[in-house]
$ cat coords_21.tsv   # TSV, C-alpha atoms
chain	number	residue	atom	x	y	z
W	10	MET	CA	1.15	-6.55	0.06
W	11	GLN	CA	0.40	-3.44	2.07
W	12	SER	CA	-2.34	-1.08	0.90
W	13	ILE	CA	-3.29	2.56	1.21
W	14	LEU	CA	-6.81	3.23	2.46
W	15	ILE	CA	-8.67	6.40	1.51
W	16	LEU	CA	-11.41	6.58	4.14
W	17	CYS	CA	-13.98	8.96	2.69
W	18	ARG	CA	-17.58	10.11	2.90
W	19	GLU	CA	-18.13	9.34	-0.78
W	20	GLU	CA	-16.10	8.73	-3.93
W	21	THR	CA	-15.78	12.30	-5.16
W	22	PRO	CA	-13.48	13.30	-8.04
W	23	ASP	CA	-10.86	14.12	-5.38
W	24	VAL	CA	-10.94	10.53	-4.14
W	25	THR	CA	-11.01	8.85	-7.55
W	26	GLU	CA	-8.25	11.06	-9.01
W	27	LEU	CA	-6.00	10.52	-6.01
W	28	ALA	CA	-6.61	6.75	-6.03
W	29	ALA	CA	-5.75	6.65	-9.75
W	30	ALA	CA	-2.55	8.62	-9.14
W	31	LEU	CA	-1.48	6.27	-6.33
W	32	ASN	CA	-2.36	3.14	-8.30
W	33	GLY	CA	-0.36	4.55	-11.21
W	34	ARG	CA	2.68	4.55	-8.91
W	35	GLY	CA	2.20	0.87	-8.14
W	36	LEU	CA	0.63	1.53	-4.73
W	37	ASP	CA	-2.40	-0.64	-4.01
W	38	THR	CA	-5.17	1.77	-3.04
W	39	ILE	CA	-8.57	1.05	-1.51
W	40	CYS	CA	-11.40	3.59	-1.24
W	41	ALA	CA	-14.00	2.87	1.43
W	42	ARG	CA	-16.67	4.55	3.49
W	43	PRO	CA	-16.53	4.06	7.25
W	44	TYR	CA	-19.61	1.80	7.31
W	45	GLU	CA	-17.87	-0.57	4.89
W	46	ILE	CA	-15.08	-1.30	7.41
W	47	THR	CA	-15.55	-3.92	10.11
W	48	VAL	CA	-13.21	-4.43	13.04
W	49	ASP	CA	-12.52	-7.72	14.81
W	50	MET	CA	-10.90	-7.56	18.25
W	51	ASP	CA	-9.76	-10.50	20.33
W	52	MET	CA	-6.67	-11.65	22.20
W	53	SER	CA	-4.81	-12.19	18.94
W	54	GLY	CA	-5.13	-8.53	17.99
W	55	THR	CA	-7.23	-5.97	16.09
W	56	ARG	CA	-8.11	-6.63	12.47
W	57	PHE	CA	-9.67	-4.15	10.07
W	58	LYS	CA	-11.68	-5.74	7.26
W	59	PHE	CA	-13.08	-4.54	3.94
W	60	ASN	CA	-15.19	-6.87	1.76
W	61	ASP	CA	-14.41	-9.66	4.25
W	62	GLN	CA	-10.69	-9.29	3.57
W	63	THR	CA	-8.29	-8.32	6.35
W	64	LEU	CA	-6.51	-5.08	5.50
W	65	ASN	CA	-2.73	-4.80	5.69
W	66	LEU	CA	-2.36	-1.04	5.76
W	67	ALA	CA	0.72	1.08	5.15
W	68	CYS	CA	-1.12	4.40	5.42
W	69	VAL	CA	-4.62	5.85	5.74
W	70	LEU	CA	-5.88	9.14	4.32
W	71	GLY	CA	-8.63	10.54	6.55
W	72	TRP	CA	-11.26	12.18	4.34
W	73	VAL	CA	-14.47	11.67	6.31
W	74	SER	CA	-17.04	14.37	6.98
W	75	LEU	CA	-20.70	15.13	7.60
W	76	SER	CA	-22.80	11.92	7.55
W	77	GLN	CA	-19.69	9.73	7.79
W	78	ARG	CA	-17.86	11.88	10.31
W	79	GLU	CA	-18.53	10.25	13.70
W	80	TYR	CA	-17.89	6.62	12.73
W	81	GLY	CA	-15.05	7.80	10.50
W	82	LEU	CA	-13.29	9.63	13.35
W	83	TRP	CA	-13.57	6.55	15.55
W	84	LEU	CA	-11.94	4.43	12.85
W	85	LEU	CA	-9.15	6.95	12.26
W	86	LYS	CA	-8.40	7.02	15.99
W	87	ALA	CA	-8.38	3.20	16.04
W	88	PHE	CA	-5.90	3.11	13.13
W	89	GLU	CA	-3.67	5.53	15.02
W	90	ILE	CA	-3.86	3.49	18.24
W	91	CYS	CA	-2.85	0.42	16.23
W	92	GLY	CA	0.22	2.23	14.88
W	93	ILE	CA	-1.01	2.79	11.32
W	94	PRO	CA	0.10	6.17	9.88
W	95	VAL	CA	-2.89	8.46	9.23
W	96	ILE	CA	-2.69	11.66	7.19
W	97	ASN	CA	-5.15	14.20	8.59
W	98	GLY	CA	-5.99	12.00	11.53
W	99	SER	CA	-8.88	11.97	13.95
W	100	ASP	CA	-7.77	14.93	16.09
W	101	VAL	CA	-6.98	16.99	12.99
W	102	LEU	CA	-10.42	16.39	11.49
W	103	GLY	CA	-12.09	16.69	14.88
W	104	SER	CA	-10.88	20.23	15.43
W	105	GLY	CA	-10.71	21.31	11.80
W	106	GLN	CA	-14.29	20.35	10.96
W	107	ASN	CA	-15.72	21.91	14.12
W	108	LYS	CA	-15.94	25.64	13.45
W	109	PHE	CA	-15.98	26.44	17.18
W	110	LEU	CA	-12.75	24.51	17.87
W	111	ASN	CA	-11.32	25.89	14.62
W	112	SER	CA	-11.79	29.41	15.97
W	113	VAL	CA	-10.45	28.51	19.42
W	114	LEU	CA	-7.23	27.15	17.88
W	115	LEU	CA	-6.76	30.22	15.71
W	116	THR	CA	-7.40	32.57	18.61
W	117	VAL	CA	-5.20	30.77	21.13
W	118	HIS	CA	-2.32	30.91	18.65
W	119	GLN	CA	-3.01	34.60	17.96
W	120	ILE	CA	-3.76	34.10	14.28
W	121	PRO	CA	-5.67	37.08	12.82
W	122	HIS	CA	-9.26	35.84	12.81
W	123	ILE	CA	-12.77	37.19	12.28
W	124	PRO	CA	-14.44	38.25	15.57
W	125	THR	CA	-16.58	35.27	16.57
W	126	ARG	CA	-19.05	34.32	19.29
W	127	PHE	CA	-20.33	30.90	20.35
W	128	ILE	CA	-23.63	30.84	22.27
W	129	GLY	CA	-26.07	28.26	23.58
W	130	SER	CA	-29.41	30.04	23.87
W	131	CYS	CA	-31.63	32.72	22.35
W	132	GLU	CA	-31.28	34.77	25.55
W	133	GLN	CA	-27.78	35.72	24.35
W	134	LEU	CA	-28.82	37.07	20.94
W	135	GLU	CA	-29.15	40.76	21.86
W	136	GLU	CA	-25.79	40.77	23.63
W	137	THR	CA	-24.21	39.02	20.65
W	138	ALA	CA	-25.60	41.65	18.27
W	139	GLU	CA	-24.25	44.43	20.51
W	140	ILE	CA	-20.77	42.89	20.71
W	141	LEU	CA	-20.30	41.89	17.05
W	142	GLU	CA	-22.69	44.39	15.41
W	143	PHE	CA	-24.68	43.79	12.23
W	144	PRO	CA	-24.34	42.36	9.68
W	145	LEU	CA	-23.60	38.95	11.16
W	146	VAL	CA	-22.94	35.52	9.66
W	147	LEU	CA	-24.53	32.39	11.13
W	148	LYS	CA	-22.88	29.03	10.46
W	149	PRO	CA	-23.52	25.44	11.52
W	150	VAL	CA	-20.80	24.23	13.89
W	151	ILE	CA	-20.27	21.18	11.66
W	152	GLY	CA	-20.80	21.95	7.99
W	153	ALA	CA	-19.29	22.10	4.53
W	154	LYS	CA	-19.68	23.66	1.09
W	155	GLY	CA	-21.30	26.80	2.48
W	156	GLU	CA	-24.49	24.94	3.40
W	157	GLN	CA	-26.66	26.74	5.99
W	158	VAL	CA	-24.28	29.71	6.06
W	159	VAL	CA	-26.44	32.86	6.10
W	160	ARG	CA	-25.98	36.58	6.57
W	161	VAL	CA	-28.36	38.44	8.88
W	162	ASP	CA	-28.73	42.22	8.84
W	163	ASP	CA	-31.05	42.97	11.78
W	164	ILE	CA	-32.21	41.68	15.13
W	165	ASN	CA	-35.53	40.35	13.81
W	166	SER	CA	-33.77	38.14	11.27
W	167	LEU	CA	-31.40	36.94	13.97
W	168	ARG	CA	-34.30	36.08	16.31
W	169	ASN	CA	-36.12	34.23	13.53
W	170	LEU	CA	-33.15	32.16	12.35
W	171	ALA	CA	-31.30	31.41	15.60
W	172	PRO	CA	-33.80	28.80	16.92
W	173	TYR	CA	-33.11	26.64	13.86
W	174	TYR	CA	-29.40	26.44	14.69
W	175	LEU	CA	-30.07	26.02	18.42
W	176	ARG	CA	-32.60	23.19	18.08
W	177	ASP	CA	-31.95	19.90	19.89
W	178	HIS	CA	-29.63	21.62	22.40
W	179	LYS	CA	-27.11	22.62	19.76
W	180	ALA	CA	-25.04	25.80	19.79
W	181	LEU	CA	-24.88	28.83	17.53
W	182	TYR	CA	-21.66	29.97	15.86
W	183	VAL	CA	-21.75	33.66	14.91
W	184	GLN	CA	-19.15	35.74	13.12
W	185	ALA	CA	-18.91	39.42	12.32
W	186	CYS	CA	-19.46	40.04	8.61
W	187	LEU	CA	-16.34	41.89	7.54
W	188	ASP	CA	-16.40	43.89	4.37
W	189	LYS	CA	-14.84	41.99	1.50
W	190	PRO	CA	-14.40	42.84	-2.19
W	191	GLY	CA	-16.86	40.15	-3.30
W	192	ARG	CA	-14.22	37.48	-2.84
W	193	ASP	CA	-11.98	35.56	-0.49
W	194	ILE	CA	-8.86	33.46	-1.00
W	195	ARG	CA	-8.29	29.71	-0.62
W	196	VAL	CA	-4.66	28.65	-0.13
W	197	ARG	CA	-3.90	24.96	-0.64
W	198	VAL	CA	-1.24	23.52	1.65
W	199	VAL	CA	0.37	20.10	1.18
W	200	ASP	CA	3.06	18.73	3.47
W	201	TYR	CA	2.91	22.04	5.36
W	202	ARG	CA	3.87	24.02	2.23
W	203	ALA	CA	1.58	26.46	0.44
W	204	GLU	CA	1.39	25.27	-3.15
W	205	PHE	CA	-1.49	27.15	-4.81
W	206	ALA	CA	-3.93	29.98	-4.12
W	207	PHE	CA	-7.04	31.19	-5.86
W	208	PHE	CA	-9.63	33.91	-5.46
W	209	ARG	CA	-13.19	32.70	-4.90
W	210	TYR	CA	-15.83	35.13	-6.16
W	211	ALA	CA	-19.45	35.23	-5.06
W	212	VAL	CA	-22.18	35.09	-7.65
W	213	ASP	CA	-23.37	38.61	-8.52
W	214	GLY	CA	-25.32	39.96	-5.59
W	215	GLY	CA	-24.57	36.90	-3.49
W	216	PHE	CA	-22.68	36.32	-0.30
W	217	LEU	CA	-21.17	32.83	-0.54
W	218	THR	CA	-17.93	32.35	-2.46
W	219	ASN	CA	-17.81	28.54	-2.25
W	220	LEU	CA	-17.23	27.02	-5.70
W	221	SER	CA	-19.72	24.27	-4.79
W	222	SER	CA	-22.43	26.92	-4.34
W	223	GLY	CA	-21.86	28.61	-7.69
W	224	GLY	CA	-18.86	30.80	-6.96
W	225	THR	CA	-16.22	31.41	-9.60
W	226	TRP	CA	-12.45	31.44	-9.30
W	227	GLU	CA	-9.30	33.10	-10.56
W	228	ALA	CA	-5.67	32.19	-9.83
W	229	CYS	CA	-4.13	34.29	-7.06
W	230	PRO	CA	-0.38	34.92	-6.79
W	231	LEU	CA	1.00	33.59	-3.52
W	232	THR	CA	2.48	36.45	-1.49
W	233	PRO	CA	4.97	36.00	1.38
W	234	ARG	CA	2.27	36.92	3.92
W	235	MET	CA	-0.20	34.42	2.45
W	236	ILE	CA	2.42	31.69	2.57
W	237	GLU	CA	3.37	32.58	6.14
W	238	LEU	CA	-0.23	32.50	7.41
W	239	ALA	CA	-1.30	29.38	5.50
W	240	GLU	CA	1.73	27.32	6.47
W	241	LEU	CA	1.53	28.45	10.09
W	242	CYS	CA	-2.14	27.42	10.22
W	243	SER	CA	-1.43	23.98	8.77
W	244	ARG	CA	1.23	23.42	11.45
W	245	ILE	CA	-1.03	24.65	14.24
W	246	PHE	CA	-3.78	22.26	13.11
W	247	GLN	CA	-1.19	19.52	12.46
W	248	ALA	CA	-2.83	19.15	9.04
W	249	PRO	CA	-0.36	18.21	6.28
W	250	VAL	CA	-3.22	18.65	3.79
W	251	ALA	CA	-5.24	21.82	4.36
W	252	GLY	CA	-7.18	24.60	2.70
W	253	VAL	CA	-6.73	27.91	4.48
W	254	ASP	CA	-9.38	30.53	3.74
W	255	LEU	CA	-8.26	34.15	3.94
W	256	LEU	CA	-10.04	37.48	3.79
W	257	GLU	CA	-8.21	40.58	2.53
W	258	VAL	CA	-8.23	43.39	5.08
W	259	ASP	CA	-5.37	45.57	3.84
W	260	ASP	CA	-2.59	45.57	1.24
W	261	ASP	CA	-1.09	42.08	1.56
W	262	ASP	CA	-2.64	41.48	4.97
W	263	TYR	CA	-5.38	39.04	5.82
W	264	VAL	CA	-7.53	37.46	8.48
W	265	VAL	CA	-8.13	33.72	8.51
W	266	ILE	CA	-11.76	32.72	8.04
W	267	GLU	CA	-11.15	29.05	8.83
W	268	VAL	CA	-8.86	26.10	8.16
W	269	ASN	CA	-10.39	23.29	6.09
W	270	THR	CA	-8.89	19.89	6.90
W	271	THR	CA	-10.64	17.96	4.12
W	272	PRO	CA	-10.19	20.45	1.25
W	273	ALA	CA	-10.75	19.82	-2.44
W	274	ILE	CA	-7.53	18.74	-4.14
W	275	THR	CA	-8.62	18.62	-7.79
W	276	TRP	CA	-10.38	21.43	-9.67
W	277	PRO	CA	-9.35	24.16	-10.19
W	278	HIS	CA	-5.73	22.98	-9.79
W	279	MET	CA	-5.17	19.31	-10.57
W	280	GLU	CA	-1.48	19.53	-9.67
W	281	THR	CA	-2.48	19.33	-6.00
W	282	VAL	CA	-3.33	15.65	-6.53
W	283	ARG	CA	0.29	14.92	-7.44
W	284	HIS	CA	1.54	16.73	-4.35
W	285	VAL	CA	-0.80	14.77	-2.08
W	286	ALA	CA	0.25	11.51	-3.79
W	287	ASP	CA	3.91	12.49	-3.17
W	288	LEU	CA	3.13	13.03	0.51
W	289	ILE	CA	1.37	9.67	0.87
W	290	GLU	CA	4.15	7.86	-0.99
W	291	GLN	CA	6.72	9.36	1.40
W	292	ARG	CA	4.69	8.19	4.40
W	293	VAL	CA	4.38	4.70	2.89
W	294	HIS	CA	8.15	4.48	2.43
W	295	LEU	CA	8.62	5.57	6.04
W	296	SER	CA	6.12	2.91	7.10
W	297	PHE	CA	7.99	0.20	5.20
W	298	GLY	CA	11.20	1.31	6.90
W	299	ARG	CA	9.86	0.93	10.44
$ encode --input "coords_21.tsv" --output "structure tokens"
Amino acid sequence: MQSILILCREETPDVTELAAALNGRGLDTICARPYEITVDMDMSGTRFKFNDQTLNLACVLGWVSLSQREYGLWLLKAFEICGIPVINGSDVLGSGQNKFLNSVLLTVHQIPHIPTRFIGSCEQLEETAEILEFPLVLKPVIGAKGEQVVRVDDINSLRNLAPYYLRDHKALYVQACLDKPGRDIRVRVVDYRAEFAFFRYAVDGGFLTNLSSGGTWEACPLTPRMIELAELCSRIFQAPVAGVDLLEVDDDDYVVIEVNTTPAITWPHMETVRHVADLIEQRVHLSFGR
């Protein structure tokens, strides 16, 4: 019997709810972290193993990030090389989870985007401040849930904080801090179709709108422009499952903050789980038909 593998950083509610939905459809589903997968390679072929059992995979959902990202991306690429269908594959996660490459993709495809600068040393701080102007937002190149995202309002703060991001020969990702009405918008896209949107509100007096950092939410009607931008972004990133973050700049016009390629699919809209399960089931049927 062929199985579906959810390759994940940890078994979050997203993972467990999706696995339950797939199992409820009679699809054998395995949840594993990258370090739990071993790979045997010899002249007879490549075999992926979990709990000492060789996997016979119909489809893989790539949901690795942060601590599990590097090994996870290698595994996803290996699955792809071996002809196993992967939803949100290694290249999708590689560019989507890297804020620098995320911005490059958006800019190259002329998607409205927040003015951004990527620098490699403290010698470029003054020039960066002149080009983007304060306030600025500093972000880790690889990050999630709003962690280590800070706003800086003056050159002294920028000088004090920049070395932390630039340590160990890393780079600094800086964005202009556009005025926003205390909120932004997350649009969920499944199978390249926008299916739900919600406002994310910052805690009173705060800056971050991430729900994981205490932000609150309210359903947001999907407008034609939202749908157009979100679906275009998912196609550009080749991400059938995506969360596209928008900032309101005018009446029914937006700039894209970033495209999330491992977005939450449960709360606050559990129906997304069903849509993702539909997508995986379709890919499995295609796999059986090969």
$ atom_distance --input "coords_21.tsv" --atom1 "CA of Ala286 in chain W" --atom2 "CA of Arg42 in chain W"
19.7 Å
$ closest_residue --input "coords_21.tsv" --among "W:Ala153, W:Val158, W:Val196, W:Ile266" --to "Arg234 in chain W" --atoms "only C-alpha atoms"
W:Val196
$ closest_atom_pairs --input "coords_21.tsv" --of "range 56-153 of chain W" --to "range 169-184 of chain W" --cutoff "9 Å" --atoms "only C-alpha atoms" --output "CSV"
residue,atom,partner,partner_atom,distance
W:Lys108,CA,W:Tyr182,CA,7.6
W:Phe109,CA,W:Tyr182,CA,6.8
W:Ile123,CA,W:Gln184,CA,6.6
W:Pro124,CA,W:Gln184,CA,5.9
W:Thr125,CA,W:Gln184,CA,4.3
W:Arg126,CA,W:Val183,CA,5.2
W:Phe127,CA,W:Tyr182,CA,4.8
W:Ile128,CA,W:Leu181,CA,5.3
W:Gly129,CA,W:Ala180,CA,4.6
W:Ser130,CA,W:Leu175,CA,6.8
W:Cys131,CA,W:Ala171,CA,6.9
W:Leu134,CA,W:Ala171,CA,8.2
W:Thr137,CA,W:Val183,CA,8.2
W:Leu141,CA,W:Gln184,CA,7.4
W:Leu145,CA,W:Gln184,CA,5.8
W:Val146,CA,W:Gln184,CA,5.1
W:Leu147,CA,W:Val183,CA,4.9
W:Lys148,CA,W:Tyr182,CA,5.6
W:Pro149,CA,W:Tyr182,CA,6.5
W:Val150,CA,W:Tyr182,CA,6.1
$ residues_around --input "coords_21.tsv" --residues "Gly215 in chain W" --least-positions-apart "5" --cutoff "12 Å" --atoms "all atoms listed in the file" --output "VMD selection string"
chain W and resid 158 to 160 190 to 192 210 222 to 225
$ residues_around --input "coords_21.tsv" --residues "range 13-23 of chain W" --least-positions-apart "5" --cutoff "6 Å" --atoms "only C-alpha atoms" --output "ChimeraX atom specification"
/W:38-42,66-74,77,274-275
$ residues_around --input "coords_21.tsv" --residues "Lys154 in chain W" --least-positions-apart "3" --cutoff "8 Å" --atoms "only C-alpha atoms" --output "VMD selection string"
chain W and resid 219 to 222
$ residues_around --input "coords_21.tsv" --residues "Arg56 in chain W" --least-positions-apart "6" --cutoff "12 Å" --atoms "only C-alpha atoms" --output "NGL selection string"
:W and (46-50 or 62-66 or 84 or 87-88 or 91 or 93)
$ atom_distance --input "coords_21.tsv" --atom1 "CA of Asn111 in chain W" --atom2 "CA of Asn269 in chain W"
9.0 Å
$ closest_residue --input "coords_21.tsv" --among "W:His278, W:Arg209, W:Asp260, W:Tyr201" --to "Glu237 in chain W" --atoms "all atoms listed in the file"
W:Tyr201
$ atom_distance --input "coords_21.tsv" --atom1 "CA of Asp61 in chain W" --atom2 "CA of Gly35 in chain W"
23.2 Å
